[in-house]
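Asks: The structure under discussion is supplied below as structure tokens; questions concerning it will follow.
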Amino acid sequence: MNLATRCTKGMVMPVMAEPKLMNAADKKKLAVQFILLFGVVSALGDITYEGARSIYGPYLGFLGASAAVIGLITGIGEFLGYFLRLVSGYFVDRTGQYWLITILGYGMLIAVPLLAIAGNWQVAVIFIMLERIGKAIRSPAKDALLSYATKRIGTGLGFGIHEALDQTGAVIGPLLFAAGLAINGNYTTGFHIMWIPAILTVAVVVATRLKVPNPAMLEEDVVHKPAEQPADKKLSKAFWLYAVFTFLSVLGFANFQLISYHWQVKEVVAAAAIPTLYAVAMAVDAVGALIIGKTYDKKGMISLIAIPVLTVAIPFLGFSDSYVLVVAAAVLWGVVMSIHETIMRAAIADMTPIGNRGFAYGIFNMLYGTAWFVGSAAMGLLYDMSVHYIFSFVAVIEIIAIFVFLLLRSNLKHPA
């Protein structure tokens, strides 16, 4: 088979000779297949690590870790999982090794089933950190590869389809692990079951690489909207405004762990029902992703205003003492998460050039993770003082986010 070489700034990829003969319809068909394959990859990956993450706390406690250690370790793990994406995003753009980094990152999922052999919490922490680092390594490269295909069918719809499949795995994973626990009542069986989705994840991502070695060609000859396509290969002012908007929007987003803690200590919801409400949120995320993604493709950037508007309502519902309101909070939390995971990512593809897209996703994810970490810590401290302080904190932050969004919209309409 003849091979050519396609070069862009910071990117050298093998290009199959045949795709040059593909028309727009063929590219669209291949793009859909690529998105679906990557959705399967993400679903299998989520089955692996979301299944394990659902019991990280109890498992570390079983191995002898204190509550303080568990809180510190899980917080650091989440922070590293986002912060290191900045480094990974910069690296993949400079080297062009998008597929290598993606496969390597998914390969680190083997750290999850290896938790079965952890004899103490210190060793378990090493495996947990490796899993989070693996996610940090692969995410910018994966998002960049996926963005090329989404351009062919609509970035919102493309990321929406991917998120729907991804969240399907997030629902199956904890249920699968629970089944493992039910077999003989120990954690080892649950972790050993995770070998199956972990190995399948790597197998499917390698198969996807073989089927579409150069996804960037799927974006070629796609007509871009003038306001969304940068004139040069640098990250635009609009991107940096969007980065600030992202940070503020997520900073005021109350995490599910803190909300569910309130439900338990205030006895609003039975402890056994909390995982069910989380599953409901994940299911809403999966279904909502398709609707929200399609809305973004029709309405454009203006649909992002829903993030701060809906985020403001979550603490008022979630930190109430009404069962009906907390169920509504779980549903709304799932809706906002679906917006985060679909059109927030889609917008990056629409305002950044191919050559810097991996770095742009790295910046986005780093800010996202930092905001999540800082916001969660701040709201945790505020909760101990008074839940009303959380209401004020979230309202002020999200109002500022709306003003930044208006600046962003103005910049997109009147680019420099």
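Residues in the structure tokens are numbered from 1 in each chain, the chains being A, B, ... in the order shown, and ligands are numbered from 1 in the order shown.
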Can you tell me, as a list in words, what residues are no more than 7 Å from Arg138 (chain A) when counting only C-alpha atoms, ignoring any on the same chain fewer than 2 positions away?
Replies: Ile101, Thr102, Gly105, Tyr106, Gly134, Lys135, Ala136, Pro140, Ala141 and Lys142 of chain A
Asks: Go ahead and write the selection's residues with N, CA and C atoms as a PDB file, in the first residue's frame.
Replies:
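Saved the output as selection.pdb:
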```pdb
ATOM      1  N   ILE A 101       0.396   8.763  21.887  1.00  0.00           N
ATOM      2  CA  ILE A 101       0.052   9.234  23.218  1.00  0.00           C
ATOM      3  C   ILE A 101      -1.327   8.732  23.640  1.00  0.00           C
ATOM      4  N   THR A 102      -2.267   8.684  22.702  1.00  0.00           N
ATOM      5  CA  THR A 102      -3.609   8.183  23.017  1.00  0.00           C
ATOM      6  C   THR A 102      -3.554   6.721  23.449  1.00  0.00           C
ATOM      7  N   GLY A 105      -1.841   6.318  26.850  1.00  0.00           N
ATOM      8  CA  GLY A 105      -2.718   6.725  27.948  1.00  0.00           C
ATOM      9  C   GLY A 105      -3.761   5.676  28.270  1.00  0.00           C
ATOM     10  N   TYR A 106      -4.363   5.084  27.237  1.00  0.00           N
ATOM     11  CA  TYR A 106      -5.354   4.036  27.483  1.00  0.00           C
ATOM     12  C   TYR A 106      -4.689   2.765  28.025  1.00  0.00           C
ATOM     13  N   GLY A 134      -2.653   8.469  33.424  1.00  0.00           N
ATOM     14  CA  GLY A 134      -2.963   7.927  32.098  1.00  0.00           C
ATOM     15  C   GLY A 134      -4.075   8.698  31.422  1.00  0.00           C
ATOM     16  N   LYS A 135      -5.097   9.069  32.192  1.00  0.00           N
ATOM     17  CA  LYS A 135      -6.195   9.863  31.630  1.00  0.00           C
ATOM     18  C   LYS A 135      -5.694  11.238  31.207  1.00  0.00           C
ATOM     19  N   ALA A 136      -4.806  11.814  32.022  1.00  0.00           N
ATOM     20  CA  ALA A 136      -4.246  13.127  31.685  1.00  0.00           C
ATOM     21  C   ALA A 136      -3.419  13.060  30.404  1.00  0.00           C
ATOM     22  N   PRO A 140      -5.959  15.178  25.871  1.00  0.00           N
ATOM     23  CA  PRO A 140      -5.818  16.195  24.817  1.00  0.00           C
ATOM     24  C   PRO A 140      -5.653  15.592  23.426  1.00  0.00           C
ATOM     25  N   ALA A 141      -4.846  14.525  23.316  1.00  0.00           N
ATOM     26  CA  ALA A 141      -4.638  13.885  22.020  1.00  0.00           C
ATOM     27  C   ALA A 141      -5.928  13.252  21.512  1.00  0.00           C
ATOM     28  N   LYS A 142      -6.662  12.600  22.407  1.00  0.00           N
ATOM     29  CA  LYS A 142      -7.929  11.966  22.028  1.00  0.00           C
ATOM     30  C   LYS A 142      -8.934  13.011  21.561  1.00  0.00           C
TER      31      LYS A 142
END
```
Asks: Using only C-alpha atoms, what does the table of region 330-382 of chain A residues within 12 Å of region 299-304 of chain A look like, with each row giving the shortest atom pair and its distance in Å to one decimal, sorted by chain and ascending number, as JSON lines?
Replies:
```
{"residue": "A:Val336", "atom": "CA", "partner": "A:Leu304", "partner_atom": "CA", "distance": 10.4}
{"residue": "A:Ser338", "atom": "CA", "partner": "A:Leu304", "partner_atom": "CA", "distance": 11.7}
{"residue": "A:Ile339", "atom": "CA", "partner": "A:Leu304", "partner_atom": "CA", "distance": 7.9}
{"residue": "A:His340", "atom": "CA", "partner": "A:Leu304", "partner_atom": "CA", "distance": 9.2}
{"residue": "A:Glu341", "atom": "CA", "partner": "A:Leu304", "partner_atom": "CA", "distance": 11.9}
{"residue": "A:Thr342", "atom": "CA", "partner": "A:Leu304", "partner_atom": "CA", "distance": 10.5}
{"residue": "A:Ile343", "atom": "CA", "partner": "A:Leu304", "partner_atom": "CA", "distance": 7.4}
{"residue": "A:Met344", "atom": "CA", "partner": "A:Leu304", "partner_atom": "CA", "distance": 7.4}
{"residue": "A:Arg345", "atom": "CA", "partner": "A:Leu304", "partner_atom": "CA", "distance": 10.9}
{"residue": "A:Ala346", "atom": "CA", "partner": "A:Met301", "partner_atom": "CA", "distance": 9.7}
{"residue": "A:Ala347", "atom": "CA", "partner": "A:Met301", "partner_atom": "CA", "distance": 7.2}
{"residue": "A:Ile348", "atom": "CA", "partner": "A:Met301", "partner_atom": "CA", "distance": 10.7}
{"residue": "A:Ala349", "atom": "CA", "partner": "A:Met301", "partner_atom": "CA", "distance": 11.9}
{"residue": "A:Asp350", "atom": "CA", "partner": "A:Met301", "partner_atom": "CA", "distance": 9.5}
{"residue": "A:Met351", "atom": "CA", "partner": "A:Met301", "partner_atom": "CA", "distance": 10.3}
```
Asks: Mind checking which residues fall within 12 Å of region 389-405 of chain A, counting only C-alpha atoms, ignoring those fewer than 4 positions away in the same chain, and posting them as an MDAnalysis selection string?
Replies: chainID A and resid 238:255 258:259 301:320 371 375:385 409:412
Asks: Determine the nearest neighbour of Ile47 (chain A) from the options A:Met337, A:Val287, A:Val206, A:Ala198, counting only C-alpha atoms.
Replies: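 Going through A:Met337, A:Val287, A:Val206, A:Ala198 one by one, the smallest distance to Ile47 (chain A) is for A:Ala198.
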Asks: At a cut-off of 6 Å, using only C-alpha atoms, what residues contact region 71-84 of chain A? Leave out same-chain residues fewer than 2 positions from it and give the result as a ChimeraX atom specification.
Replies: /A:68-69,86-87,129,132-133,136,365-366,369
Asks: Taking only C-alpha atoms into account, name the residue in A:Val204, A:Ile354, A:Leu408, A:Ala330 that is nearest to Arg94 (chain A).
Replies: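 Nearest to Arg94 (chain A): A:Ile354.
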Asks: Between CA of Met22 (chain A) and CA of Phe38 (chain A), what distance in Å does the model show, to one decimal?
Replies: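 CA of Met22 (chain A) sits 21.2 Å away from CA of Phe38 (chain A).
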Asks: Could you name the residues that touch Gly288 (chain A) at 10 Å or less, counting only C-alpha atoms, but leaving out those on the same chain fewer than 3 positions away, as a list in words?
Replies: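 That gives Gly160, Glu163, Ala164, Met282, Ala283, Val284, Asp285, Ile291, Ile292, Gly293, Lys294, Gly334, Val335, Val336, Met337, Ser338, Ile339 and Thr342 of chain A.
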Asks: Keeping all heavy atoms, export the residues of the selection given above as a compact mmCIF listing (two decimals), in the first residue's frame.
Replies:
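Writing done, so here's out_8.txt:
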```
# COMPACT_ATOMS: atom_id res chain seq x y z
N GLY A 160 -21.45 15.06 21.15
CA GLY A 160 -22.63 14.55 21.85
C GLY A 160 -22.76 13.04 21.74
O GLY A 160 -23.04 12.36 22.72
N GLU A 163 -20.07 11.52 23.90
CA GLU A 163 -20.38 11.63 25.32
C GLU A 163 -21.47 10.65 25.73
O GLU A 163 -21.43 10.07 26.83
CB GLU A 163 -20.80 13.06 25.66
CG GLU A 163 -21.28 13.27 27.08
CD GLU A 163 -20.22 13.05 28.14
OE1 GLU A 163 -19.04 12.82 27.78
OE2 GLU A 163 -20.56 13.06 29.33
N ALA A 164 -22.46 10.44 24.85
CA ALA A 164 -23.54 9.50 25.17
C ALA A 164 -22.98 8.09 25.37
O ALA A 164 -23.35 7.39 26.32
CB ALA A 164 -24.58 9.52 24.06
N MET A 282 -25.99 10.35 35.57
CA MET A 282 -25.17 9.88 34.46
C MET A 282 -26.04 9.53 33.24
O MET A 282 -25.66 9.78 32.10
CB MET A 282 -24.38 8.64 34.88
CG MET A 282 -23.30 8.89 35.92
SD MET A 282 -21.98 10.01 35.36
CE MET A 282 -22.56 11.59 36.00
N ALA A 283 -27.22 8.97 33.50
CA ALA A 283 -28.12 8.64 32.40
C ALA A 283 -28.64 9.92 31.73
O ALA A 283 -28.73 10.00 30.49
CB ALA A 283 -29.30 7.81 32.92
N VAL A 284 -28.95 10.94 32.53
CA VAL A 284 -29.38 12.23 31.98
C VAL A 284 -28.26 12.84 31.15
O VAL A 284 -28.49 13.40 30.08
CB VAL A 284 -29.80 13.18 33.12
CG1 VAL A 284 -30.01 14.60 32.59
CG2 VAL A 284 -31.07 12.69 33.78
N ASP A 285 -27.04 12.71 31.65
CA ASP A 285 -25.86 13.19 30.93
C ASP A 285 -25.78 12.55 29.55
O ASP A 285 -25.57 13.22 28.53
CB ASP A 285 -24.61 12.86 31.76
CG ASP A 285 -23.32 13.42 31.16
OD1 ASP A 285 -23.32 13.82 29.97
OD2 ASP A 285 -22.31 13.46 31.87
N ILE A 291 -28.94 15.83 22.61
CA ILE A 291 -29.82 16.98 22.40
C ILE A 291 -29.03 18.28 22.43
O ILE A 291 -29.17 19.15 21.56
CB ILE A 291 -30.93 17.01 23.48
CG1 ILE A 291 -31.77 15.72 23.41
CG2 ILE A 291 -31.81 18.24 23.32
CD1 ILE A 291 -32.74 15.55 24.54
N ILE A 292 -28.18 18.40 23.42
CA ILE A 292 -27.39 19.62 23.59
C ILE A 292 -26.40 19.79 22.44
O ILE A 292 -26.18 20.90 21.95
CB ILE A 292 -26.67 19.59 24.95
CG1 ILE A 292 -27.70 19.71 26.07
CG2 ILE A 292 -25.64 20.71 25.06
CD1 ILE A 292 -27.19 19.33 27.44
N GLY A 293 -25.80 18.70 22.02
CA GLY A 293 -24.86 18.77 20.91
C GLY A 293 -25.52 19.26 19.63
O GLY A 293 -24.97 20.10 18.91
N LYS A 294 -26.70 18.76 19.35
CA LYS A 294 -27.43 19.18 18.15
C LYS A 294 -27.85 20.64 18.27
O LYS A 294 -27.82 21.39 17.28
CB LYS A 294 -28.66 18.29 17.98
CG LYS A 294 -29.31 18.39 16.59
CD LYS A 294 -28.38 17.86 15.50
CE LYS A 294 -29.03 17.91 14.14
NZ LYS A 294 -28.11 17.49 13.07
N GLY A 334 -26.85 16.41 36.06
CA GLY A 334 -26.54 15.60 34.88
C GLY A 334 -26.62 16.41 33.60
O GLY A 334 -25.80 16.24 32.69
N VAL A 335 -27.59 17.33 33.52
CA VAL A 335 -27.72 18.19 32.34
C VAL A 335 -26.50 19.07 32.18
O VAL A 335 -25.92 19.18 31.08
CB VAL A 335 -29.00 19.06 32.44
CG1 VAL A 335 -29.01 20.11 31.33
CG2 VAL A 335 -30.25 18.20 32.36
N VAL A 336 -26.08 19.71 33.28
CA VAL A 336 -24.92 20.60 33.21
C VAL A 336 -23.65 19.82 32.86
O VAL A 336 -22.82 20.28 32.07
CB VAL A 336 -24.74 21.37 34.53
CG1 VAL A 336 -23.46 22.21 34.51
CG2 VAL A 336 -25.94 22.28 34.78
N MET A 337 -23.51 18.63 33.42
CA MET A 337 -22.34 17.80 33.09
C MET A 337 -22.32 17.45 31.61
O MET A 337 -21.26 17.42 30.98
CB MET A 337 -22.34 16.52 33.92
CG MET A 337 -21.73 16.66 35.30
SD MET A 337 -20.01 17.27 35.30
CE MET A 337 -19.19 16.01 34.34
N SER A 338 -23.51 17.20 31.04
CA SER A 338 -23.55 16.87 29.62
C SER A 338 -23.12 18.06 28.77
O SER A 338 -22.49 17.89 27.72
CB SER A 338 -24.96 16.40 29.22
OG SER A 338 -25.89 17.47 29.26
N ILE A 339 -23.43 19.28 29.22
CA ILE A 339 -23.00 20.48 28.51
C ILE A 339 -21.48 20.63 28.62
O ILE A 339 -20.79 20.94 27.63
CB ILE A 339 -23.69 21.74 29.06
CG1 ILE A 339 -25.21 21.62 28.92
CG2 ILE A 339 -23.21 22.99 28.33
CD1 ILE A 339 -25.98 22.77 29.56
N THR A 342 -19.79 18.04 26.27
CA THR A 342 -20.06 18.07 24.83
C THR A 342 -19.71 19.41 24.22
O THR A 342 -18.67 19.56 23.58
CB THR A 342 -21.54 17.73 24.55
OG1 THR A 342 -22.37 18.59 25.36
CG2 THR A 342 -21.85 16.30 24.89
```
Asks: Grab the CA of Gly89 (chain A) to CA of Gly362 (chain A) distance for me, in Å with one decimal place.
Replies: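 Pair CA of Gly89 (chain A) / CA of Gly362 (chain A) returns 4.4 Å.
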Asks: Show which residues sit within 7 Å of region 177-191 of chain A, as a list in words. Count only C-alpha atoms, and ignore same-chain residues fewer than 6 positions away.
Replies: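 Close residues of region 177-191 of chain A: Gly51, Val112, Pro113, Leu115 and Ala116 of chain A.
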